[in-house]
Protein chains: 2
Amino acid sequence: MDTRRTFLKKIAVGGAMLSIPGIVSAAVVKPSKITVNKGDVILFQGDSITDAGRDRNSKTPNTPSMMGNGYVMLTAGNLLHKFADRQPVIYNKGISGNKVYQLAERWNADCLDIKPNVLSILIGVNDYWHTKYGYDGTLQKYESDYHALIERTLTALPKVQLVICEPFAVPGNEAVDSSWFPDFNGYREAAKNLAAKFDATFVPFQKVFDEAQKSAPGNYWTGDGVHPSLAGAQLMAEAWIKAVIK
Amino acid sequence: MDTRRTFLKKIAVGGAMLSIPGIVSAAVVKPSKITVNKGDVILFQGDSITDAGRDRNSKTPNTPSMMGNGYVMLTAGNLLHKFADRQPVIYNKGISGNKVYQLAERWNADCLDIKPNVLSILIGVNDYWHTKYGYDGTLQKYESDYHALIERTLTALPKVQLVICEPFAVPGNEAVDSSWFPDFNGYREAAKNLAAKFDATFVPFQKVFDEAQKSAPGNYWTGDGVHPSLAGAQLMAEAWIKAVIK
């Protein structure tokens, strides 16, 4: 018996299956909660990390000008390729500087009217960060505003598939010093708790950035500790796809 | 014997192996000629498809402004993530409208001085297309100019690892009608022949776009038949990575 046959026999019999694409992966990878059907609308919402310099006048989904140059563009490219047979319709409506209450202020036009089938939200770093510059919001406000926003969304769009992304910060860089911790961790936990409460898919970005620093230092992945580099945007896109689609 | 074991037995015994990531892929995928070492410089050169709206004043490698919003950004994101432990230094110097002779005019500043370890060139569609608008170049000129450009490059940078990308056109769209064929095919073949002659890695973009139309129509992948959509840019990025890296 040659080596390849021996190996395949081992993975068949030995229990610990590898991740294998196609027919086998359906059996071994935990099925995602998210399904993408023909013509489904996928909306990315958030702050500057999502915005990423997009052209806010762009009204055309699936275009680079709509996507900006961050993780949404890289994720959208992946989705448009992977689901070419379903031709999803992808929007980015992130706006730089936003906190949860500012999402709420523009939620009718920038979310509910768009009627997403899949809604991905990344919000929270400004809800903490801006408290250092005069913003009087608290963790409790973040959590209760976010809770209300999700309830409002589910009332208007009961079938929407929710993706809640973990806010993250990489210490030791320009914008993120030790004073952020442990306070900032509360915002991460609040997002995670809301994902669990509403049975949303959770994307653990903090863990992803922590792990990535085994390969390259923090400033390779994010220049200031908050905004990802191109490498960091790709890291986020791959994490999003892995958490949401596979 | 359960279904999974039956299936694995089939792929072990039946001959036609699937593409499987990780340990098995090393056995079944042809090794690439390209290696990326710590700090290696990777340069993308070409026309508007490579340019893709990049900020030509950007001097900072690895940034979205340098990369533009096309296949180079998507490929660079992938490379920066995959090779985080080697921190490659990636440039885009594509310029919209360029033909081979225009690459040659700016080759010292925009290639040789940058001293790439890996040089990827996608050029040729304008060498054909512009003949419809008064350009008096021929297929023979394309081939001989391209040949001279590669020889000049290898003289200056004898260790450079060359990637030659196939020019492509998707008929049935705004810019590409039946009058393109079979003449345009000569440019594709010339690029492929040069890749073989100089032992360069070849990226078969035409085949990739042809295959992609089994999943979605041509105008999903390229609006005008020449310039890729975001979905088409991702298609190109994945093909580049597959051909060059894996």
# chains A, B, ... in the order shown; residues from 1 in each chain; ligands from 1

call {"tool": "residues_around", "arguments": {"residues": "Arg86 in chain B", "least_positions_apart": "3", "cutoff": "7 Å", "atoms": "only C-alpha atoms", "output": "list in words"}}
result
Asn37, Lys38, Gly39 and Phe83 of chain B

call {"tool": "write_last_selection", "arguments": {"atoms": "N, CA and C atoms", "output": "PDB file, in the first residue's frame"}}
result
ATOM      1  N   ASN B  37      10.858  35.221  -0.351  1.00  0.00           N
ATOM      2  CA  ASN B  37      11.700  35.242   0.850  1.00  0.00           C
ATOM      3  C   ASN B  37      11.461  36.521   1.643  1.00  0.00           C
ATOM      4  N   LYS B  38      12.022  36.572   2.826  1.00  0.00           N
ATOM      5  CA  LYS B  38      11.824  37.704   3.730  1.00  0.00           C
ATOM      6  C   LYS B  38      12.166  39.029   3.035  1.00  0.00           C
ATOM      7  N   GLY B  39      11.232  39.970   3.033  1.00  0.00           N
ATOM      8  CA  GLY B  39      11.467  41.303   2.474  1.00  0.00           C
ATOM      9  C   GLY B  39      11.505  41.365   0.960  1.00  0.00           C
ATOM     10  N   PHE B  83       1.990  35.529   3.474  1.00  0.00           N
ATOM     11  CA  PHE B  83       3.422  35.608   3.758  1.00  0.00           C
ATOM     12  C   PHE B  83       3.730  36.636   4.852  1.00  0.00           C
TER      13      PHE B  83
END

call {"tool": "residues_around", "arguments": {"residues": "Asp110 in chain B", "least_positions_apart": "6", "cutoff": "12 Å", "atoms": "only C-alpha atoms", "output": "MDAnalysis selection string"}}
result
chainID B and resid 43:46 56 59 91:95 102:104 116 119 153

call {"tool": "closest_residue", "arguments": {"among": "B:Val118, B:Ala84, B:Ala52, B:Val163", "to": "Gly70 in chain B", "atoms": "only C-alpha atoms"}}
result
B:Ala52

call {"tool": "select_by_dssp", "arguments": {"residues": "range 17-125 of chain A", "states": "helix (DSSP H, G or I)", "output": "number ranges by chain"}}
result
A: 25-28, 48-51, 64-67, 71-82, 100-105, 107-110, 112-114, 125

call {"tool": "closest_residue", "arguments": {"among": "A:Leu80, A:Ile34, A:Ile241, A:Ile114", "to": "chain B", "atoms": "only C-alpha atoms"}}
result
A:Leu80

call {"tool": "calpha_fit_rmsd", "arguments": {"fixed": "chain B", "moving": "chain A"}}
result
1.0 Å

call {"tool": "residues_around", "arguments": {"residues": "range 215-232 of chain B", "least_positions_apart": "2", "cutoff": "7 Å", "atoms": "only C-alpha atoms", "output": "list in words"}}
result
Asn62, Thr63, Pro64, Gly77, Leu80, His81, Ala84 and Asp85 of chain A; Ile49, Gly70, Ala169, Val170, Pro171, Asn173, Glu174, Ala175, Val176, Ala212, Gln213, Gln234, Leu235 and Met236 of chain B

call {"tool": "select_by_dssp", "arguments": {"residues": "range 79-223 of chain B", "states": "strand (DSSP E)", "output": "NGL selection string"}}
result
:B and (89-92 or 118-122 or 161-165 or 201-203)

call {"tool": "closest_residue", "arguments": {"among": "A:Ile90, A:Leu194, A:Ala200, A:Leu74", "to": "Val41 in chain A", "atoms": "only C-alpha atoms"}}
result
A:Ile90

call {"tool": "closest_residue", "arguments": {"among": "A:Trp180, A:Tyr71, A:Tyr101, A:Phe168", "to": "chain B", "atoms": "only C-alpha atoms"}}
result
A:Tyr71

call {"tool": "atom_distance", "arguments": {"atom1": "CA of Met66 in chain A", "atom2": "CA of Leu122 in chain B"}}
result
26.0 Å

call {"tool": "closest_residue", "arguments": {"among": "B:Val100, B:Ala196, B:Val160, B:Leu154", "to": "Val36 in chain B", "atoms": "only C-alpha atoms"}}
result
B:Val160

call {"tool": "closest_residue", "arguments": {"among": "B:Gln87, B:Ser48, B:Thr60, B:Gln140", "to": "chain A", "atoms": "only C-alpha atoms"}}
result
B:Gln87

call {"tool": "atom_distance", "arguments": {"atom1": "CA of Glu105 in chain A", "atom2": "CA of Val89 in chain A"}}
result
23.9 Å

call {"tool": "atom_distance", "arguments": {"atom1": "CA of Val203 in chain B", "atom2": "CA of Val125 in chain B"}}
result
14.9 Å
